[in-house]
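File shown: upload13.pdb. Contents: PDB, C-alpha atoms.
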```pdb
ATOM      1  CA  MET E  22     -51.419 118.018  -3.030  1.00  0.00           C
ATOM      2  CA  ASN E  23     -54.611 119.036  -4.684  1.00  0.00           C
ATOM      3  CA  ASN E  24     -56.139 117.393  -7.732  1.00  0.00           C
ATOM      4  CA  THR E  25     -54.618 119.966 -10.124  1.00  0.00           C
ATOM      5  CA  SER E  26     -51.125 119.345  -8.739  1.00  0.00           C
ATOM      6  CA  ASP E  27     -51.638 115.592  -8.946  1.00  0.00           C
ATOM      7  CA  LEU E  28     -52.882 115.899 -12.538  1.00  0.00           C
ATOM      8  CA  ASN E  29     -49.945 118.138 -13.533  1.00  0.00           C
ATOM      9  CA  LEU E  30     -47.467 115.726 -11.935  1.00  0.00           C
ATOM     10  CA  ALA E  31     -49.081 112.735 -13.659  1.00  0.00           C
ATOM     11  CA  LEU E  32     -49.098 114.586 -16.988  1.00  0.00           C
ATOM     12  CA  SER E  33     -45.438 115.611 -16.627  1.00  0.00           C
ATOM     13  CA  LYS E  34     -44.466 112.016 -15.805  1.00  0.00           C
ATOM     14  CA  ALA E  35     -46.455 110.669 -18.771  1.00  0.00           C
ATOM     15  CA  ILE E  36     -44.826 113.150 -21.154  1.00  0.00           C
ATOM     16  CA  VAL E  37     -41.315 112.210 -20.006  1.00  0.00           C
ATOM     17  CA  ASP E  38     -42.070 108.485 -19.961  1.00  0.00           C
ATOM     18  CA  GLN E  39     -43.649 108.461 -23.412  1.00  0.00           C
ATOM     19  CA  ALA E  40     -41.402 110.925 -25.259  1.00  0.00           C
ATOM     20  CA  PRO E  41     -39.870 109.352 -28.379  1.00  0.00           C
ATOM     21  CA  ASP E  42     -36.468 110.924 -27.648  1.00  0.00           C
ATOM     22  CA  ALA E  43     -34.269 109.797 -24.791  1.00  0.00           C
ATOM     23  CA  ILE E  44     -34.751 111.868 -21.660  1.00  0.00           C
ATOM     24  CA  ILE E  45     -32.081 111.261 -19.055  1.00  0.00           C
ATOM     25  CA  PHE E  46     -31.503 112.983 -15.730  1.00  0.00           C
ATOM     26  CA  ALA E  47     -28.335 112.408 -13.727  1.00  0.00           C
ATOM     27  CA  ASP E  48     -28.058 113.763 -10.190  1.00  0.00           C
ATOM     28  CA  HIS E  49     -25.143 115.873  -8.950  1.00  0.00           C
ATOM     29  CA  ALA E  50     -23.103 112.681  -8.406  1.00  0.00           C
ATOM     30  CA  GLY E  51     -23.597 111.657 -12.045  1.00  0.00           C
ATOM     31  CA  LEU E  52     -25.978 108.817 -11.216  1.00  0.00           C
ATOM     32  CA  ILE E  53     -28.950 108.191 -13.487  1.00  0.00           C
ATOM     33  CA  GLN E  54     -32.281 109.010 -11.840  1.00  0.00           C
ATOM     34  CA  VAL E  55     -34.531 109.311 -14.920  1.00  0.00           C
ATOM     35  CA  TRP E  56     -34.302 107.024 -17.955  1.00  0.00           C
ATOM     36  CA  ASN E  57     -37.414 107.093 -20.128  1.00  0.00           C
ATOM     37  CA  SER E  58     -38.724 104.649 -22.735  1.00  0.00           C
ATOM     38  CA  GLY E  59     -36.992 106.647 -25.488  1.00  0.00           C
ATOM     39  CA  ALA E  60     -33.654 106.073 -23.725  1.00  0.00           C
ATOM     40  CA  GLU E  61     -34.469 102.374 -23.436  1.00  0.00           C
ATOM     41  CA  ARG E  62     -35.145 102.169 -27.181  1.00  0.00           C
ATOM     42  CA  ILE E  63     -32.140 104.245 -28.283  1.00  0.00           C
ATOM     43  CA  PHE E  64     -29.510 102.815 -25.930  1.00  0.00           C
ATOM     44  CA  GLY E  65     -30.926  99.318 -25.354  1.00  0.00           C
ATOM     45  CA  HIS E  66     -30.778  99.408 -21.546  1.00  0.00           C
ATOM     46  CA  ALA E  67     -33.915  98.924 -19.452  1.00  0.00           C
ATOM     47  CA  ALA E  68     -34.547 101.689 -16.924  1.00  0.00           C
ATOM     48  CA  ALA E  69     -34.524  99.162 -14.085  1.00  0.00           C
ATOM     49  CA  ASP E  70     -30.961  98.190 -15.050  1.00  0.00           C
ATOM     50  CA  VAL E  71     -29.512 101.721 -15.159  1.00  0.00           C
ATOM     51  CA  ILE E  72     -31.356 103.802 -12.536  1.00  0.00           C
ATOM     52  CA  GLY E  73     -28.877 104.609  -9.771  1.00  0.00           C
ATOM     53  CA  GLY E  74     -25.885 103.751 -11.950  1.00  0.00           C
ATOM     54  CA  PRO E  75     -23.366 105.952 -13.781  1.00  0.00           C
ATOM     55  CA  LEU E  76     -23.740 107.455 -17.232  1.00  0.00           C
ATOM     56  CA  ASP E  77     -20.621 105.525 -18.316  1.00  0.00           C
ATOM     57  CA  ILE E  78     -22.793 102.870 -19.975  1.00  0.00           C
ATOM     58  CA  ILE E  79     -23.568 105.159 -22.928  1.00  0.00           C
ATOM     59  CA  ILE E  80     -20.273 107.049 -23.195  1.00  0.00           C
ATOM     60  CA  PRO E  81     -17.473 105.628 -25.361  1.00  0.00           C
ATOM     61  CA  GLU E  82     -14.389 104.948 -23.241  1.00  0.00           C
ATOM     62  CA  ARG E  83     -12.184 107.409 -25.131  1.00  0.00           C
ATOM     63  CA  MET E  84     -14.690 110.199 -24.357  1.00  0.00           C
ATOM     64  CA  LEU E  85     -15.270 109.345 -20.703  1.00  0.00           C
ATOM     65  CA  GLY E  86     -12.584 111.618 -19.204  1.00  0.00           C
ATOM     66  CA  ALA E  87     -13.788 114.680 -21.102  1.00  0.00           C
ATOM     67  CA  HIS E  88     -17.407 113.885 -20.249  1.00  0.00           C
ATOM     68  CA  ASN E  89     -16.705 113.498 -16.539  1.00  0.00           C
ATOM     69  CA  LYS E  90     -14.681 116.713 -16.444  1.00  0.00           C
ATOM     70  CA  GLY E  91     -17.441 118.634 -18.234  1.00  0.00           C
ATOM     71  CA  PHE E  92     -20.194 117.118 -16.087  1.00  0.00           C
ATOM     72  CA  ASP E  93     -18.375 117.882 -12.825  1.00  0.00           C
ATOM     73  CA  HIS E  94     -17.694 121.467 -13.966  1.00  0.00           C
ATOM     74  CA  ALA E  95     -21.329 121.984 -14.984  1.00  0.00           C
ATOM     75  CA  VAL E  96     -22.714 120.666 -11.706  1.00  0.00           C
ATOM     76  CA  ALA E  97     -20.227 122.696  -9.651  1.00  0.00           C
ATOM     77  CA  THR E  98     -20.643 125.986 -11.527  1.00  0.00           C
ATOM     78  CA  GLY E  99     -23.956 125.758 -13.381  1.00  0.00           C
ATOM     79  CA  GLU E 100     -22.084 126.537 -16.609  1.00  0.00           C
ATOM     80  CA  MET E 101     -22.366 124.190 -19.554  1.00  0.00           C
ATOM     81  CA  LYS E 102     -20.303 124.280 -22.718  1.00  0.00           C
ATOM     82  CA  TYR E 103     -23.188 123.130 -24.902  1.00  0.00           C
ATOM     83  CA  VAL E 104     -26.111 125.021 -23.376  1.00  0.00           C
ATOM     84  CA  ASP E 105     -28.716 126.028 -25.988  1.00  0.00           C
ATOM     85  CA  LYS E 106     -26.880 123.950 -28.599  1.00  0.00           C
ATOM     86  CA  VAL E 107     -27.329 120.514 -30.085  1.00  0.00           C
ATOM     87  CA  LEU E 108     -24.227 118.352 -29.976  1.00  0.00           C
ATOM     88  CA  THR E 109     -23.825 115.546 -32.492  1.00  0.00           C
ATOM     89  CA  THR E 110     -21.716 112.887 -30.841  1.00  0.00           C
ATOM     90  CA  ARG E 111     -21.034 109.186 -30.568  1.00  0.00           C
ATOM     91  CA  SER E 112     -22.593 107.027 -27.921  1.00  0.00           C
ATOM     92  CA  MET E 113     -22.781 103.358 -27.013  1.00  0.00           C
ATOM     93  CA  HIS E 114     -25.660 100.930 -27.396  1.00  0.00           C
ATOM     94  CA  LYS E 115     -26.047  98.063 -24.935  1.00  0.00           C
ATOM     95  CA  ASP E 116     -24.959  95.607 -27.649  1.00  0.00           C
ATOM     96  CA  GLY E 117     -21.575  97.385 -27.855  1.00  0.00           C
ATOM     97  CA  SER E 118     -22.233  99.106 -31.164  1.00  0.00           C
ATOM     98  CA  GLN E 119     -21.478 102.777 -31.581  1.00  0.00           C
ATOM     99  CA  ILE E 120     -24.387 105.017 -32.417  1.00  0.00           C
ATOM    100  CA  TYR E 121     -24.577 108.676 -33.353  1.00  0.00           C
ATOM    101  CA  ILE E 122     -26.893 110.951 -31.415  1.00  0.00           C
ATOM    102  CA  ASP E 123     -27.970 114.556 -31.389  1.00  0.00           C
ATOM    103  CA  MET E 124     -27.951 115.583 -27.746  1.00  0.00           C
ATOM    104  CA  SER E 125     -28.982 118.711 -25.898  1.00  0.00           C
ATOM    105  CA  PHE E 126     -28.315 119.474 -22.245  1.00  0.00           C
ATOM    106  CA  GLY E 127     -29.656 121.515 -19.383  1.00  0.00           C
ATOM    107  CA  MET E 128     -29.169 121.981 -15.677  1.00  0.00           C
ATOM    108  CA  VAL E 129     -32.032 121.098 -13.351  1.00  0.00           C
ATOM    109  CA  ARG E 130     -32.441 123.319 -10.301  1.00  0.00           C
ATOM    110  CA  ASP E 131     -34.787 123.277  -7.344  1.00  0.00           C
ATOM    111  CA  GLU E 132     -37.055 126.182  -6.363  1.00  0.00           C
ATOM    112  CA  ALA E 133     -34.141 127.882  -4.543  1.00  0.00           C
ATOM    113  CA  GLY E 134     -31.854 127.621  -7.587  1.00  0.00           C
ATOM    114  CA  LYS E 135     -29.674 124.828  -6.196  1.00  0.00           C
ATOM    115  CA  ILE E 136     -28.398 122.490  -8.913  1.00  0.00           C
ATOM    116  CA  LEU E 137     -29.937 119.042  -8.619  1.00  0.00           C
ATOM    117  CA  GLY E 138     -28.231 117.560 -11.661  1.00  0.00           C
ATOM    118  CA  ALA E 139     -28.156 117.570 -15.427  1.00  0.00           C
ATOM    119  CA  LEU E 140     -30.758 116.755 -18.047  1.00  0.00           C
ATOM    120  CA  ALA E 141     -29.960 115.355 -21.469  1.00  0.00           C
ATOM    121  CA  VAL E 142     -32.310 114.820 -24.394  1.00  0.00           C
ATOM    122  CA  ALA E 143     -31.008 112.595 -27.183  1.00  0.00           C
ATOM    123  CA  ARG E 144     -32.164 111.493 -30.617  1.00  0.00           C
ATOM    124  CA  ASP E 145     -30.633 108.601 -32.564  1.00  0.00           C
ATOM    125  CA  ILE E 146     -29.262 109.887 -35.873  1.00  0.00           C
ATOM    126  CA  THR E 147     -27.135 106.852 -36.785  1.00  0.00           C
ATOM    127  CA  GLU E 148     -28.962 106.184 -40.075  1.00  0.00           C
ATOM    128  CA  ARG E 149     -28.913 109.850 -41.099  1.00  0.00           C
ATOM    129  CA  PHE E 150     -25.230 110.145 -40.198  1.00  0.00           C
ATOM    130  CA  ALA E 151     -24.341 107.100 -42.322  1.00  0.00           C
ATOM    131  CA  SER E 152     -26.444 108.374 -45.238  1.00  0.00           C
ATOM    132  CA  ASP E 153     -24.822 111.827 -45.061  1.00  0.00           C
ATOM    133  CA  LYS E 154     -21.360 110.256 -44.958  1.00  0.00           C
ATOM    134  CA  ALA E 155     -22.116 108.066 -47.982  1.00  0.00           C
ATOM    135  CA  GLN E 156     -23.417 111.098 -49.845  1.00  0.00           C
ATOM    136  CA  ARG E 157     -20.220 113.084 -49.064  1.00  0.00           C
ATOM    137  CA  VAL E 158     -18.094 110.179 -50.326  1.00  0.00           C
ATOM    138  CA  ARG E 159     -20.159 109.959 -53.535  1.00  0.00           C
ATOM    139  CA  VAL E 160     -19.885 113.718 -54.145  1.00  0.00           C
ATOM    140  CA  ALA E 161     -16.099 113.526 -53.678  1.00  0.00           C
ATOM    141  CA  GLU E 162     -15.918 110.622 -56.160  1.00  0.00           C
ATOM    142  CA  LEU E 163     -17.984 112.539 -58.727  1.00  0.00           C
ATOM    143  CA  GLU E 164     -15.885 115.691 -58.283  1.00  0.00           C
ATOM    144  CA  LYS E 165     -12.707 113.651 -58.813  1.00  0.00           C
ATOM    145  CA  ALA E 166     -14.133 111.983 -61.924  1.00  0.00           C
ATOM    146  CA  LEU E 167     -15.237 115.344 -63.312  1.00  0.00           C
ATOM    147  CA  ALA E 168     -11.817 116.869 -62.636  1.00  0.00           C
ATOM    148  CA  GLU E 169     -10.094 113.949 -64.362  1.00  0.00           C
ATOM    149  CA  LYS E 170     -12.458 114.167 -67.354  1.00  0.00           C
ATOM    150  CA  SER E 171     -11.885 117.887 -67.771  1.00  0.00           C
ATOM    151  CA  GLY E 172      -8.114 117.572 -67.344  1.00  0.00           C
ATOM    152  CA  ASP E 173      -8.088 119.579 -64.100  1.00  0.00           C
ATOM    153  CA  THR E 174      -6.406 116.835 -62.122  1.00  0.00           C
ATOM    154  CA  PRO E 175      -4.534 118.406 -59.197  1.00  0.00           C
ATOM    155  CA  ALA E 176      -0.768 117.999 -59.294  1.00  0.00           C
TER     156      ALA E 176
END
```
File written out as structure tokens:
Amino acid sequence: MNNTSDLNLALSKAIVDQAPDAIIFADHAGLIQVWNSGAERIFGHAAADVIGGPLDIIIPERMLGAHNKGFDHAVATGEMKYVDKVLTTRSMHKDGSQIYIDMSFGMVRDEAGKILGALAVARDITERFASDKAQRVRVAELEKALAEKSGDTPA
């Protein structure tokens, strides 16, 4: 490698390592190969503890079957259900608590186009999700109170 290639590789690694969002890469077998500092912060697992292991550690048990089916299909065909979309979903923190994340996905291919695995970028939205839910509950309460005050109570 020349100095430019080395610099580009070092810069790419630094960007991934230091990104505030979780950046996760799982190989074609579904084993974690990249787990950046954002993933450590969001999910609570140190990279050293998860590299080489399955993605199961962040997927709620009731969602595991659907995830595995979708992952296997994506790696086999290159087609992803949520490509170019952001999926808001539940995930698991190391401490066992459920968190809400916005997640986007992509396939990673080599120079020849062969699928190497899948990339996911995630952002913790647990606080925003809870705030939005509380706001929806409050709006519903106010609408009910207004309906009762105006005599428009549904039968």
Checklist entry - So which one's closest to E:Ala143, E:Ile45, E:Val129, E:Ala31, E:Leu163? Using only C-alpha atoms, please. => result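 Once distances to E:Ala143 are computed over only C-alpha atoms, the minimum belongs to E:Ile45.
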Checklist entry - Quick one: distance from atom CA of E:Arg144 to atom CA of E:Asp131 in Å, one decimal? => result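 Separation between atom CA of E:Arg144 and atom CA of E:Asp131: 26.2 Å.
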Item to check | Hits of the PyMOL selection byres ((chain E and resi 57) around 7) in this structure, as JSON, numbers by chain | outcome: {"E": [37, 38, 43, 44, 45, 55, 56, 58, 59, 60, 61, 68]}
Next on the checklist: For stretch 105-112 of chain E, find every residue with an atom within 8 Å (counting all atoms listed in the file), except residues of its own chain fewer than 2 positions away, and show them as a list of chain:residue names.
Outcome noted: E:Ile79, E:Ile80, E:Pro81, E:Tyr103, E:His114, E:Gln119, E:Ile120, E:Tyr121, E:Ile122, E:Asp123, E:Met124, E:Ser125, E:Phe126
Given the selection you just returned, output its residues as a file containing C-alpha atoms, formatted as a PDB file, in the coordinates of the input.
```
ATOM      1  CA  ILE E  79     -23.568 105.159 -22.928  1.00  0.00           C
ATOM      2  CA  ILE E  80     -20.273 107.049 -23.195  1.00  0.00           C
ATOM      3  CA  PRO E  81     -17.473 105.628 -25.361  1.00  0.00           C
ATOM      4  CA  TYR E 103     -23.188 123.130 -24.902  1.00  0.00           C
ATOM      5  CA  HIS E 114     -25.660 100.930 -27.396  1.00  0.00           C
ATOM      6  CA  GLN E 119     -21.478 102.777 -31.581  1.00  0.00           C
ATOM      7  CA  ILE E 120     -24.387 105.017 -32.417  1.00  0.00           C
ATOM      8  CA  TYR E 121     -24.577 108.676 -33.353  1.00  0.00           C
ATOM      9  CA  ILE E 122     -26.893 110.951 -31.415  1.00  0.00           C
ATOM     10  CA  ASP E 123     -27.970 114.556 -31.389  1.00  0.00           C
ATOM     11  CA  MET E 124     -27.951 115.583 -27.746  1.00  0.00           C
ATOM     12  CA  SER E 125     -28.982 118.711 -25.898  1.00  0.00           C
ATOM     13  CA  PHE E 126     -28.315 119.474 -22.245  1.00  0.00           C
TER      14      PHE E 126
END
```
Next on the checklist: Taking only C-alpha atoms into account, name the residue in E:Ala40, E:Asp145, E:Phe150, E:Gly51 that is nearest to E:Met113.
Outcome noted: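 Between E:Ala40, E:Asp145, E:Phe150, E:Gly51, the residue approaching E:Met113 most closely is E:Asp145.
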Item to check | Point-to-point distance from atom CA of E:Phe46 to atom CA of E:Pro75, Å rounded to tenths | outcome: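 Calculated distance between atom CA of E:Phe46 and atom CA of E:Pro75 is 10.9 Å.
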Might you spell out which residues the PyMOL selection byres ((chain E and resi 130) around 12) would select in the displayed file, as an mmCIF file with C-alpha atoms, in the frame of the given file?
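Contents of out.cif, freshly written:
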```
data_model
loop_
_atom_site.group_PDB
_atom_site.id
_atom_site.type_symbol
_atom_site.label_atom_id
_atom_site.label_comp_id
_atom_site.auth_asym_id
_atom_site.auth_seq_id
_atom_site.Cartn_x
_atom_site.Cartn_y
_atom_site.Cartn_z
ATOM 1 C CA PHE E 46 -31.503 112.983 -15.730
ATOM 2 C CA ASP E 48 -28.058 113.763 -10.190
ATOM 3 C CA HIS E 49 -25.143 115.873 -8.950
ATOM 4 C CA VAL E 96 -22.714 120.666 -11.706
ATOM 5 C CA GLY E 99 -23.956 125.758 -13.381
ATOM 6 C CA GLY E 127 -29.656 121.515 -19.383
ATOM 7 C CA MET E 128 -29.169 121.981 -15.677
ATOM 8 C CA VAL E 129 -32.032 121.098 -13.351
ATOM 9 C CA ASP E 131 -34.787 123.277 -7.344
ATOM 10 C CA GLU E 132 -37.055 126.182 -6.363
ATOM 11 C CA ALA E 133 -34.141 127.882 -4.543
ATOM 12 C CA GLY E 134 -31.854 127.621 -7.587
ATOM 13 C CA LYS E 135 -29.674 124.828 -6.196
ATOM 14 C CA ILE E 136 -28.398 122.490 -8.913
ATOM 15 C CA LEU E 137 -29.937 119.042 -8.619
ATOM 16 C CA GLY E 138 -28.231 117.560 -11.661
ATOM 17 C CA ALA E 139 -28.156 117.570 -15.427
ATOM 18 C CA LEU E 140 -30.758 116.755 -18.047
#
```
Checklist entry - Can you tell me how far atom CA of E:Ile146 sits from atom CA of E:Gln39, in Å to one decimal? => result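 These two atoms are separated by 19.1 Å.
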Item to check | Expansion of the PyMOL selection byres ((chain E and resi 73) around 6) into residues, as a PyMOL selection string | outcome: chain E and resi 52-54+72+74
Starting from 6 Å padding per side, set up an axis-aligned box that covers all listed atoms of stretch 36-40 of chain E and hand over centre and edge lengths in Å, one decimal, as JSON.
```
{"center_x": -43.1, "center_y": 110.8, "center_z": -22.6, "size_x": 15.5, "size_y": 16.7, "size_z": 17.3}
```
